[in-house]
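Source file: run11.json; contents: JSON, N, CA and C atoms.
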[["chain", "number", "residue", "atom", "x", "y", "z"],
["D", 1, "MET", "N", -15.38, -2.91, 0.82],
["D", 1, "MET", "CA", -16.37, -1.86, 0.70],
["D", 1, "MET", "C", -17.43, -2.05, 1.78],
["D", 2, "PRO", "N", -18.32, -1.11, 1.97],
["D", 2, "PRO", "CA", -19.33, -1.25, 3.02],
["D", 2, "PRO", "C", -20.17, -2.52, 2.90],
["D", 3, "ASP", "N", -20.35, -3.02, 1.67],
["D", 3, "ASP", "CA", -21.16, -4.23, 1.49],
["D", 3, "ASP", "C", -20.34, -5.52, 1.63],
["D", 4, "GLY", "N", -19.04, -5.38, 1.98],
["D", 4, "GLY", "CA", -18.19, -6.56, 2.16],
["D", 4, "GLY", "C", -17.41, -6.95, 0.93],
["D", 5, "SER", "N", -17.69, -6.35, -0.22],
["D", 5, "SER", "CA", -16.95, -6.68, -1.43],
["D", 5, "SER", "C", -15.57, -6.01, -1.39],
["D", 6, "PRO", "N", -14.58, -6.59, -2.07],
["D", 6, "PRO", "CA", -13.24, -6.01, -2.03],
["D", 6, "PRO", "C", -13.15, -4.75, -2.89],
["D", 7, "GLN", "N", -12.27, -3.87, -2.49],
["D", 7, "GLN", "CA", -11.90, -2.73, -3.33],
["D", 7, "GLN", "C", -10.56, -3.10, -3.94],
["D", 8, "VAL", "N", -10.45, -2.99, -5.25],
["D", 8, "VAL", "CA", -9.21, -3.31, -5.94],
["D", 8, "VAL", "C", -8.64, -2.02, -6.52],
["D", 9, "THR", "N", -7.41, -1.74, -6.16],
["D", 9, "THR", "CA", -6.75, -0.54, -6.66],
["D", 9, "THR", "C", -5.25, -0.76, -6.70],
["D", 10, "ARG", "N", -4.60, -0.10, -7.62],
["D", 10, "ARG", "CA", -3.14, -0.14, -7.70],
["D", 10, "ARG", "C", -2.57, 0.65, -6.54],
["D", 11, "VAL", "N", -1.53, 0.14, -5.89],
["D", 11, "VAL", "CA", -0.93, 0.87, -4.77],
["D", 11, "VAL", "C", 0.59, 0.82, -4.85],
["D", 12, "TRP", "N", 1.20, 1.84, -4.29],
["D", 12, "TRP", "CA", 2.63, 1.83, -4.03],
["D", 12, "TRP", "C", 2.80, 1.23, -2.64],
["D", 13, "PHE", "N", 3.89, 0.50, -2.43],
["D", 13, "PHE", "CA", 4.11, -0.09, -1.11],
["D", 13, "PHE", "C", 5.61, -0.27, -0.88],
["D", 14, "ASP", "N", 5.96, -0.51, 0.38],
["D", 14, "ASP", "CA", 7.29, -0.98, 0.71],
["D", 14, "ASP", "C", 7.14, -2.02, 1.82],
["D", 15, "TYR", "N", 8.25, -2.64, 2.15],
["D", 15, "TYR", "CA", 8.26, -3.69, 3.16],
["D", 15, "TYR", "C", 9.36, -3.36, 4.16],
["D", 16, "GLU", "N", 8.97, -3.21, 5.42],
["D", 16, "GLU", "CA", 9.94, -2.86, 6.45],
["D", 16, "GLU", "C", 9.51, -3.43, 7.79],
["D", 17, "GLY", "N", 10.44, -4.02, 8.49],
["D", 17, "GLY", "CA", 10.15, -4.53, 9.83],
["D", 17, "GLY", "C", 9.08, -5.61, 9.85],
["D", 18, "GLY", "N", 9.00, -6.40, 8.78],
["D", 18, "GLY", "CA", 8.03, -7.49, 8.74],
["D", 18, "GLY", "C", 6.62, -7.09, 8.35],
["D", 19, "VAL", "N", 6.43, -5.83, 7.96],
["D", 19, "VAL", "CA", 5.10, -5.38, 7.53],
["D", 19, "VAL", "C", 5.16, -4.71, 6.17],
["D", 20, "ILE", "N", 4.08, -4.82, 5.44],
["D", 20, "ILE", "CA", 3.91, -4.11, 4.17],
["D", 20, "ILE", "C", 3.30, -2.77, 4.52],
["D", 21, "ARG", "N", 3.90, -1.70, 3.98],
["D", 21, "ARG", "CA", 3.40, -0.36, 4.27],
["D", 21, "ARG", "C", 2.81, 0.26, 3.01],
["D", 22, "ILE", "N", 1.57, 0.67, 3.12],
["D", 22, "ILE", "CA", 0.83, 1.32, 2.03],
["D", 22, "ILE", "C", 0.47, 2.72, 2.51],
["D", 23, "ASN", "N", 0.55, 3.71, 1.64],
["D", 23, "ASN", "CA", 0.31, 5.09, 2.01],
["D", 23, "ASN", "C", -0.82, 5.63, 1.15],
["D", 24, "THR", "N", -1.76, 6.32, 1.79],
["D", 24, "THR", "CA", -2.84, 6.98, 1.04],
["D", 24, "THR", "C", -3.30, 8.21, 1.81],
["D", 25, "ALA", "N", -4.11, 9.02, 1.17],
["D", 25, "ALA", "CA", -4.67, 10.21, 1.82],
["D", 25, "ALA", "C", -5.89, 9.81, 2.65],
["D", 26, "ARG", "N", -6.07, 10.47, 3.78],
["D", 26, "ARG", "CA", -7.16, 10.15, 4.70],
["D", 26, "ARG", "C", -8.53, 10.22, 4.04],
["D", 27, "GLU", "N", -8.73, 11.08, 3.04],
["D", 27, "GLU", "CA", -10.04, 11.30, 2.44],
["D", 27, "GLU", "C", -10.42, 10.25, 1.40],
["D", 28, "ARG", "N", -9.52, 9.39, 1.03],
["D", 28, "ARG", "CA", -9.78, 8.44, -0.05],
["D", 28, "ARG", "C", -10.55, 7.21, 0.42],
["D", 29, "VAL", "N", -11.22, 6.57, -0.54],
["D", 29, "VAL", "CA", -11.99, 5.35, -0.26],
["D", 29, "VAL", "C", -11.09, 4.29, 0.37],
["D", 30, "LYS", "N", -9.87, 4.17, -0.13],
["D", 30, "LYS", "CA", -8.94, 3.18, 0.40],
["D", 30, "LYS", "C", -8.74, 3.37, 1.91],
["D", 31, "ALA", "N", -8.60, 4.61, 2.35],
["D", 31, "ALA", "CA", -8.41, 4.89, 3.78],
["D", 31, "ALA", "C", -9.65, 4.50, 4.58],
["D", 32, "ARG", "N", -10.81, 4.69, 4.03],
["D", 32, "ARG", "CA", -12.04, 4.31, 4.75],
["D", 32, "ARG", "C", -12.16, 2.79, 4.86],
["D", 33, "ASN", "N", -11.67, 2.07, 3.85],
["D", 33, "ASN", "CA", -11.77, 0.61, 3.84],
["D", 33, "ASN", "C", -10.67, -0.07, 4.65],
["D", 34, "MET", "N", -9.52, 0.56, 4.78],
["D", 34, "MET", "CA", -8.37, -0.09, 5.41],
["D", 34, "MET", "C", -8.22, 0.33, 6.87],
["D", 35, "LYS", "N", -9.20, 0.05, 7.66],
["D", 35, "LYS", "CA", -9.11, 0.32, 9.10],
["D", 35, "LYS", "C", -8.30, -0.78, 9.77],
["D", 36, "GLU", "N", -7.88, -0.55, 11.00],
["D", 36, "GLU", "CA", -7.16, -1.59, 11.73],
["D", 36, "GLU", "C", -8.00, -2.86, 11.76],
["D", 37, "GLY", "N", -7.37, -3.98, 11.43],
["D", 37, "GLY", "CA", -8.05, -5.28, 11.41],
["D", 37, "GLY", "C", -8.64, -5.64, 10.06],
["D", 38, "ALA", "N", -8.69, -4.69, 9.12],
["D", 38, "ALA", "CA", -9.28, -4.97, 7.81],
["D", 38, "ALA", "C", -8.42, -5.96, 7.03],
["D", 39, "ALA", "N", -9.08, -6.83, 6.29],
["D", 39, "ALA", "CA", -8.38, -7.79, 5.43],
["D", 39, "ALA", "C", -7.83, -7.08, 4.20],
["D", 40, "VAL", "N", -6.60, -7.46, 3.82],
["D", 40, "VAL", "CA", -5.92, -6.86, 2.67],
["D", 40, "VAL", "C", -5.31, -7.98, 1.84],
["D", 41, "ALA", "N", -5.37, -7.85, 0.53],
["D", 41, "ALA", "CA", -4.70, -8.78, -0.37],
["D", 41, "ALA", "C", -3.94, -7.97, -1.42],
["D", 42, "LEU", "N", -2.70, -8.38, -1.69],
["D", 42, "LEU", "CA", -1.90, -7.75, -2.72],
["D", 42, "LEU", "C", -1.49, -8.81, -3.73],
["D", 43, "SER", "N", -1.51, -8.44, -4.98],
["D", 43, "SER", "CA", -1.01, -9.29, -6.05],
["D", 43, "SER", "C", 0.06, -8.47, -6.76],
["D", 44, "ILE", "N", 1.30, -8.95, -6.72],
["D", 44, "ILE", "CA", 2.43, -8.21, -7.26],
["D", 44, "ILE", "C", 3.00, -9.00, -8.43],
["D", 45, "MET", "N", 2.88, -8.43, -9.61],
["D", 45, "MET", "CA", 3.30, -9.10, -10.84],
["D", 45, "MET", "C", 4.71, -8.70, -11.22],
["D", 46, "ASP", "N", 5.48, -9.64, -11.74],
["D", 46, "ASP", "CA", 6.79, -9.36, -12.30],
["D", 46, "ASP", "C", 6.57, -8.62, -13.63],
["D", 47, "PRO", "N", 7.11, -7.42, -13.78],
["D", 47, "PRO", "CA", 6.87, -6.67, -15.03],
["D", 47, "PRO", "C", 7.45, -7.34, -16.27],
["D", 48, "ASP", "N", 8.39, -8.27, -16.07],
["D", 48, "ASP", "CA", 9.00, -8.96, -17.21],
["D", 48, "ASP", "C", 8.31, -10.27, -17.55],
["D", 49, "ASN", "N", 7.42, -10.75, -16.67],
["D", 49, "ASN", "CA", 6.76, -12.04, -16.89],
["D", 49, "ASN", "C", 5.43, -12.04, -16.13],
["D", 50, "ALA", "N", 4.34, -11.82, -16.84],
["D", 50, "ALA", "CA", 3.02, -11.71, -16.20],
["D", 50, "ALA", "C", 2.59, -12.98, -15.49],
["D", 51, "TYR", "N", 3.21, -14.11, -15.77],
["D", 51, "TYR", "CA", 2.85, -15.36, -15.11],
["D", 51, "TYR", "C", 3.66, -15.59, -13.84],
["D", 52, "ARG", "N", 4.58, -14.69, -13.55],
["D", 52, "ARG", "CA", 5.36, -14.77, -12.33],
["D", 52, "ARG", "C", 4.85, -13.68, -11.39],
["D", 53, "TYR", "N", 4.37, -14.08, -10.22],
["D", 53, "TYR", "CA", 3.79, -13.11, -9.30],
["D", 53, "TYR", "C", 3.86, -13.65, -7.87],
["D", 54, "ILE", "N", 3.55, -12.76, -6.95],
["D", 54, "ILE", "CA", 3.41, -13.14, -5.56],
["D", 54, "ILE", "C", 2.09, -12.57, -5.06],
["D", 55, "GLN", "N", 1.40, -13.35, -4.28],
["D", 55, "GLN", "CA", 0.13, -12.92, -3.68],
["D", 55, "GLN", "C", 0.33, -12.93, -2.17],
["D", 56, "ILE", "N", -0.04, -11.83, -1.53],
["D", 56, "ILE", "CA", 0.12, -11.70, -0.09],
["D", 56, "ILE", "C", -1.23, -11.32, 0.51],
["D", 57, "ARG", "N", -1.62, -12.03, 1.54],
["D", 57, "ARG", "CA", -2.86, -11.72, 2.27],
["D", 57, "ARG", "C", -2.52, -11.44, 3.72],
["D", 58, "GLY", "N", -3.23, -10.50, 4.30],
["D", 58, "GLY", "CA", -2.98, -10.16, 5.69],
["D", 58, "GLY", "C", -4.05, -9.24, 6.23],
["D", 59, "ARG", "N", -3.74, -8.63, 7.35],
["D", 59, "ARG", "CA", -4.66, -7.68, 8.00],
["D", 59, "ARG", "C", -3.91, -6.41, 8.35],
["D", 60, "VAL", "N", -4.63, -5.29, 8.31],
["D", 60, "VAL", "CA", -4.04, -4.02, 8.72],
["D", 60, "VAL", "C", -3.77, -4.10, 10.21],
["D", 61, "ARG", "N", -2.52, -3.94, 10.57],
["D", 61, "ARG", "CA", -2.12, -4.02, 11.98],
["D", 61, "ARG", "C", -2.20, -2.66, 12.66],
["D", 62, "ARG", "N", -1.85, -1.61, 11.89],
["D", 62, "ARG", "CA", -1.79, -0.28, 12.50],
["D", 62, "ARG", "C", -1.91, 0.78, 11.42],
["D", 63, "VAL", "N", -2.54, 1.91, 11.77],
["D", 63, "VAL", "CA", -2.65, 3.07, 10.88],
["D", 63, "VAL", "C", -1.91, 4.21, 11.57],
["D", 64, "ILE", "N", -0.99, 4.84, 10.83],
["D", 64, "ILE", "CA", -0.11, 5.85, 11.41],
["D", 64, "ILE", "C", -0.13, 7.12, 10.57],
["D", 65, "GLU", "N", -0.27, 8.26, 11.24],
["D", 65, "GLU", "CA", -0.16, 9.55, 10.54],
["D", 65, "GLU", "C", 1.26, 10.10, 10.63],
["D", 66, "ALA", "N", 1.92, 9.93, 11.76],
["D", 66, "ALA", "CA", 3.27, 10.47, 11.96],
["D", 66, "ALA", "C", 4.24, 9.85, 10.95],
["D", 67, "GLY", "N", 4.94, 10.70, 10.22],
["D", 67, "GLY", "CA", 5.92, 10.24, 9.25],
["D", 67, "GLY", "C", 5.36, 9.86, 7.89],
["D", 68, "ALA", "N", 4.05, 9.99, 7.71],
["D", 68, "ALA", "CA", 3.42, 9.57, 6.45],
["D", 68, "ALA", "C", 3.84, 10.45, 5.27],
["D", 69, "ASP", "N", 4.10, 11.74, 5.51],
["D", 69, "ASP", "CA", 4.56, 12.60, 4.41],
["D", 69, "ASP", "C", 5.95, 12.17, 3.94],
["D", 70, "ARG", "N", 6.84, 11.86, 4.87],
["D", 70, "ARG", "CA", 8.17, 11.37, 4.49],
["D", 70, "ARG", "C", 8.06, 10.03, 3.77],
["D", 71, "HIS", "N", 7.12, 9.20, 4.23],
["D", 71, "HIS", "CA", 6.94, 7.88, 3.62],
["D", 71, "HIS", "C", 6.49, 8.00, 2.17],
["D", 72, "ILE", "N", 5.51, 8.87, 1.89],
["D", 72, "ILE", "CA", 5.04, 8.99, 0.50],
["D", 72, "ILE", "C", 6.14, 9.58, -0.38],
["D", 73, "ASP", "N", 6.99, 10.44, 0.19],
["D", 73, "ASP", "CA", 8.13, 10.95, -0.58],
["D", 73, "ASP", "C", 9.10, 9.81, -0.92],
["D", 74, "SER", "N", 9.32, 8.90, 0.02],
["D", 74, "SER", "CA", 10.22, 7.76, -0.25],
["D", 74, "SER", "C", 9.62, 6.83, -1.30],
["D", 75, "LEU", "N", 8.30, 6.68, -1.31],
["D", 75, "LEU", "CA", 7.65, 5.87, -2.33],
["D", 75, "LEU", "C", 7.71, 6.55, -3.69],
["D", 76, "ALA", "N", 7.60, 7.88, -3.72],
["D", 76, "ALA", "CA", 7.75, 8.62, -4.98],
["D", 76, "ALA", "C", 9.16, 8.42, -5.55],
["D", 77, "LYS", "N", 10.15, 8.36, -4.67],
["D", 77, "LYS", "CA", 11.52, 8.11, -5.12],
["D", 77, "LYS", "C", 11.62, 6.70, -5.71],
["D", 78, "LYS", "N", 11.02, 5.73, -5.03],
["D", 78, "LYS", "CA", 11.06, 4.33, -5.49],
["D", 78, "LYS", "C", 10.36, 4.15, -6.82],
["D", 79, "TYR", "N", 9.17, 4.71, -6.96],
["D", 79, "TYR", "CA", 8.34, 4.45, -8.14],
["D", 79, "TYR", "C", 8.49, 5.46, -9.27],
["D", 80, "LEU", "N", 8.85, 6.69, -8.94],
["D", 80, "LEU", "CA", 8.93, 7.74, -9.97],
["D", 80, "LEU", "C", 10.34, 8.32, -10.14],
["D", 81, "GLY", "N", 11.23, 8.02, -9.21],
["D", 81, "GLY", "CA", 12.55, 8.61, -9.25],
["D", 81, "GLY", "C", 12.56, 10.07, -8.83],
["D", 82, "LYS", "N", 11.50, 10.50, -8.13],
["D", 82, "LYS", "CA", 11.39, 11.90, -7.69],
["D", 82, "LYS", "C", 11.58, 11.98, -6.18],
["D", 83, "ASP", "N", 12.22, 13.06, -5.73],
["D", 83, "ASP", "CA", 12.49, 13.23, -4.30],
["D", 83, "ASP", "C", 11.24, 13.60, -3.51],
["D", 84, "LYS", "N", 10.27, 14.22, -4.16],
["D", 84, "LYS", "CA", 9.05, 14.70, -3.51],
["D", 84, "LYS", "C", 7.83, 14.16, -4.24],
["D", 85, "TYR", "N", 6.84, 13.70, -3.49],
["D", 85, "TYR", "CA", 5.58, 13.21, -4.07],
["D", 85, "TYR", "C", 4.91, 14.35, -4.84],
["D", 86, "PRO", "N", 4.72, 14.21, -6.15],
["D", 86, "PRO", "CA", 4.25, 15.33, -6.97],
["D", 86, "PRO", "C", 2.73, 15.51, -7.03],
["D", 87, "PHE", "N", 1.96, 14.60, -6.44],
["D", 87, "PHE", "CA", 0.51, 14.66, -6.61],
["D", 87, "PHE", "C", -0.25, 15.09, -5.36],
["D", 88, "GLY", "N", 0.46, 15.55, -4.35],
["D", 88, "GLY", "CA", -0.19, 15.97, -3.11],
["D", 88, "GLY", "C", -1.11, 17.17, -3.33],
["D", 89, "GLN", "N", -2.16, 17.22, -2.52],
["D", 89, "GLN", "CA", -3.13, 18.30, -2.59],
["D", 89, "GLN", "C", -3.04, 19.16, -1.32],
["D", 90, "PRO", "N", -3.33, 20.45, -1.42],
["D", 90, "PRO", "CA", -3.29, 21.31, -0.23],
["D", 90, "PRO", "C", -4.21, 20.76, 0.87],
["D", 91, "GLY", "N", -3.68, 20.70, 2.08],
["D", 91, "GLY", "CA", -4.46, 20.24, 3.23],
["D", 91, "GLY", "C", -4.60, 18.73, 3.34],
["D", 92, "GLU", "N", -4.04, 18.00, 2.40],
["D", 92, "GLU", "CA", -4.15, 16.53, 2.40],
["D", 92, "GLU", "C", -3.39, 15.95, 3.60],
["D", 93, "VAL", "N", -4.02, 14.99, 4.27],
["D", 93, "VAL", "CA", -3.39, 14.29, 5.38],
["D", 93, "VAL", "C", -3.09, 12.87, 4.91],
["D", 94, "ARG", "N", -1.82, 12.49, 4.99],
["D", 94, "ARG", "CA", -1.39, 11.16, 4.55],
["D", 94, "ARG", "C", -1.40, 10.19, 5.73],
["D", 95, "LEU", "N", -1.63, 8.92, 5.43],
["D", 95, "LEU", "CA", -1.64, 7.85, 6.43],
["D", 95, "LEU", "C", -0.82, 6.67, 5.91],
["D", 96, "ILE", "N", -0.16, 5.99, 6.83],
["D", 96, "ILE", "CA", 0.54, 4.74, 6.52],
["D", 96, "ILE", "C", -0.28, 3.60, 7.11],
["D", 97, "PHE", "N", -0.52, 2.58, 6.30],
["D", 97, "PHE", "CA", -1.24, 1.39, 6.74],
["D", 97, "PHE", "C", -0.24, 0.24, 6.78],
["D", 98, "GLU", "N", 0.05, -0.24, 7.99],
["D", 98, "GLU", "CA", 0.96, -1.37, 8.15],
["D", 98, "GLU", "C", 0.14, -2.65, 8.10],
["D", 99, "THR", "N", 0.48, -3.51, 7.16],
["D", 99, "THR", "CA", -0.23, -4.77, 6.96],
["D", 99, "THR", "C", 0.70, -5.93, 7.30],
["D", 100, "GLU", "N", 0.25, -6.78, 8.19],
["D", 100, "GLU", "CA", 1.01, -7.95, 8.59],
["D", 100, "GLU", "C", 0.67, -9.12, 7.67],
["D", 101, "PRO", "N", 1.64, -9.60, 6.87],
["D", 101, "PRO", "CA", 1.37, -10.74, 6.00],
["D", 101, "PRO", "C", 1.03, -11.99, 6.82],
["D", 102, "ARG", "N", -0.02, -12.69, 6.41],
["D", 102, "ARG", "CA", -0.42, -13.93, 7.08],
["D", 102, "ARG", "C", -0.35, -15.13, 6.15],
["D", 103, "ALA", "N", -0.44, -14.88, 4.84],
["D", 103, "ALA", "CA", -0.33, -15.96, 3.86],
["D", 103, "ALA", "C", 0.34, -15.41, 2.62],
["D", 104, "VAL", "N", 1.27, -16.19, 2.06],
["D", 104, "VAL", "CA", 2.00, -15.79, 0.88],
["D", 104, "VAL", "C", 1.99, -16.95, -0.10],
["D", 105, "HIS", "N", 1.71, -16.63, -1.37],
["D", 105, "HIS", "CA", 1.73, -17.64, -2.43],
["D", 105, "HIS", "C", 2.47, -17.04, -3.61],
["D", 106, "ALA", "N", 3.41, -17.79, -4.16],
["D", 106, "ALA", "CA", 4.17, -17.29, -5.30],
["D", 106, "ALA", "C", 4.06, -18.24, -6.48],
["D", 107, "MET", "N", 4.03, -17.67, -7.67],
["D", 107, "MET", "CA", 4.05, -18.43, -8.91],
["D", 107, "MET", "C", 5.34, -18.02, -9.61],
["D", 108, "ARG", "N", 6.20, -19.02, -9.85],
["D", 108, "ARG", "CA", 7.51, -18.70, -10.44],
["D", 108, "ARG", "C", 7.59, -19.12, -11.86]]
I need this file expressed as structure tokens, please.
Amino acid sequence: MPDGSPQVTRVWFDYEGGVIRINTARERVKARNMKEGAAVALSIMDPDNAYRYIQIRGRVRRVIEAGADRHIDSLAKKYLGKDKYPFGQPGEVRLIFETEPRAVHAMR
């Protein structure tokens, strides 16, 4: 956040080409906080065992607009089983944030 404190929010993501890709709309707080070089941390819990998780820390390497609509549709397929992202708003511009993992910790 502007004061340096972290913003914590649930996100959809995928992993491709050595980077974690997160998609959000340009107008959202997340997009304002996740500029190139911004620190990012993800905590991914196993839905079958809350004590099993992976924590990934890194930095935003690149922000991309091209292909972001296709990307959010692919995430909707992954998370909702739907071919098209159902929550889009008219005029919304989507962005992909590529995050390069720098530290990984897992609890098994």
Can you report as AutoDock Vina command-line options the centre and edge lengths in Å, to one decimal, of an axis-aligned box around the listed atoms of stretch 14-18 of chain D padded with 8 Å on each side?
--center_x 8.2 --center_y -4.0 --center_z 5.1 --size_x 20.5 --size_y 23.0 --size_z 25.5
Neighbouring residues of stretch 42-55 of chain D were defined as those with any atom within 8 Å, considering all atoms listed in the file; residues of the same chain fewer than 2 positions away were excluded. Please report them as a CSV table (one decimal) with N, CA and C atoms, keeping the file's coordinate frame.
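In the end it all went to around-v4.csv:
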chain,number,residue,atom,x,y,z
D,39,ALA,N,-9.1,-6.8,6.3
D,39,ALA,CA,-8.4,-7.8,5.4
D,39,ALA,C,-7.8,-7.1,4.2
D,40,VAL,N,-6.6,-7.5,3.8
D,40,VAL,CA,-5.9,-6.9,2.7
D,40,VAL,C,-5.3,-8.0,1.8
D,57,ARG,N,-1.6,-12.0,1.5
D,57,ARG,CA,-2.9,-11.7,2.3
D,57,ARG,C,-2.5,-11.4,3.7
D,58,GLY,N,-3.2,-10.5,4.3
D,58,GLY,CA,-3.0,-10.2,5.7
D,58,GLY,C,-4.0,-9.2,6.2
D,103,ALA,N,-0.4,-14.9,4.8
D,103,ALA,CA,-0.3,-16.0,3.9
D,103,ALA,C,0.3,-15.4,2.6
D,104,VAL,N,1.3,-16.2,2.1
D,104,VAL,CA,2.0,-15.8,0.9
D,104,VAL,C,2.0,-17.0,-0.1
D,105,HIS,N,1.7,-16.6,-1.4
D,105,HIS,CA,1.7,-17.6,-2.4
D,105,HIS,C,2.5,-17.0,-3.6
D,106,ALA,N,3.4,-17.8,-4.2
D,106,ALA,CA,4.2,-17.3,-5.3
D,106,ALA,C,4.1,-18.2,-6.5
D,107,MET,N,4.0,-17.7,-7.7
D,107,MET,CA,4.0,-18.4,-8.9
D,107,MET,C,5.3,-18.0,-9.6
D,108,ARG,N,6.2,-19.0,-9.8
D,108,ARG,CA,7.5,-18.7,-10.4
D,108,ARG,C,7.6,-19.1,-11.9
For a quick check of understanding, using only C-alpha atoms, which of D:Pro86, D:Gly17, D:Pro2, D:Gly91 has the smallest distance to D:Asp73?
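For D:Asp73, the nearest of the candidates is D:Pro86.
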Taken to one decimal, the atom CA of D:Lys77-atom CA of D:Phe13 distance is 11.8 Å
Which of stretch 18-54 of chain D counts as strand (DSSP E) under DSSP, as number ranges by chain please?
D: 19-25, 39-46, 49-54
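DSSP annotation of chain D from backbone atoms: helix (DSSP H, G or I) residues are Val29, Lys30, Ala31, Arg32, Asn33, Ala68, Asp69, Arg70, His71, Ile72, Asp73, Ser74, Leu75, Ala76, Lys77, Lys78, Tyr79 and Leu80 of chain D.
Among D:Arg94, D:Arg26, D:Lys35, D:Arg102, the residue with the shortest atom-to-atom distance to D:Ala68, counting only C-alpha atoms, is D:Arg94.
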What separation in Å, quoted to one decimal, exists between atom CA of D:Gly4 and atom CA of D:Arg62?
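Between atom CA of D:Gly4 and atom CA of D:Arg62 the gap is 20.4 Å.
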For D:Arg21, which residue out of D:Ile56, D:Ala76, D:Ile96, D:Val8 is the nearest one, using only N, CA and C atoms?
D:Ile96
Need the neighbours of (-6.0, 3.7, 6.9): which residues are at most 10 Å away, counting only C-alpha atoms, as a PyMOL selection string?
chain D and resi 22-36+38+60+62-65+94-98
Taking (1.7, -5.3, 8.8) in the coordinates of the supplied file, I want to know which residues reach to within 5 Å of it, counting only N, CA and C atoms; could you give the answer as a PyMOL selection string?
chain D and resi 19-20+61+98-101
Considering only C-alpha atoms, can you say which of D:Asp69, D:Ser5, D:Val11, D:Arg59 comes closest to D:Gly88?
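Distance minimum relative to D:Gly88 lands on D:Asp69.
Computed from the coordinates, the atom CA of D:His71 to atom CA of D:Asp14 distance equals 9.3 Å.
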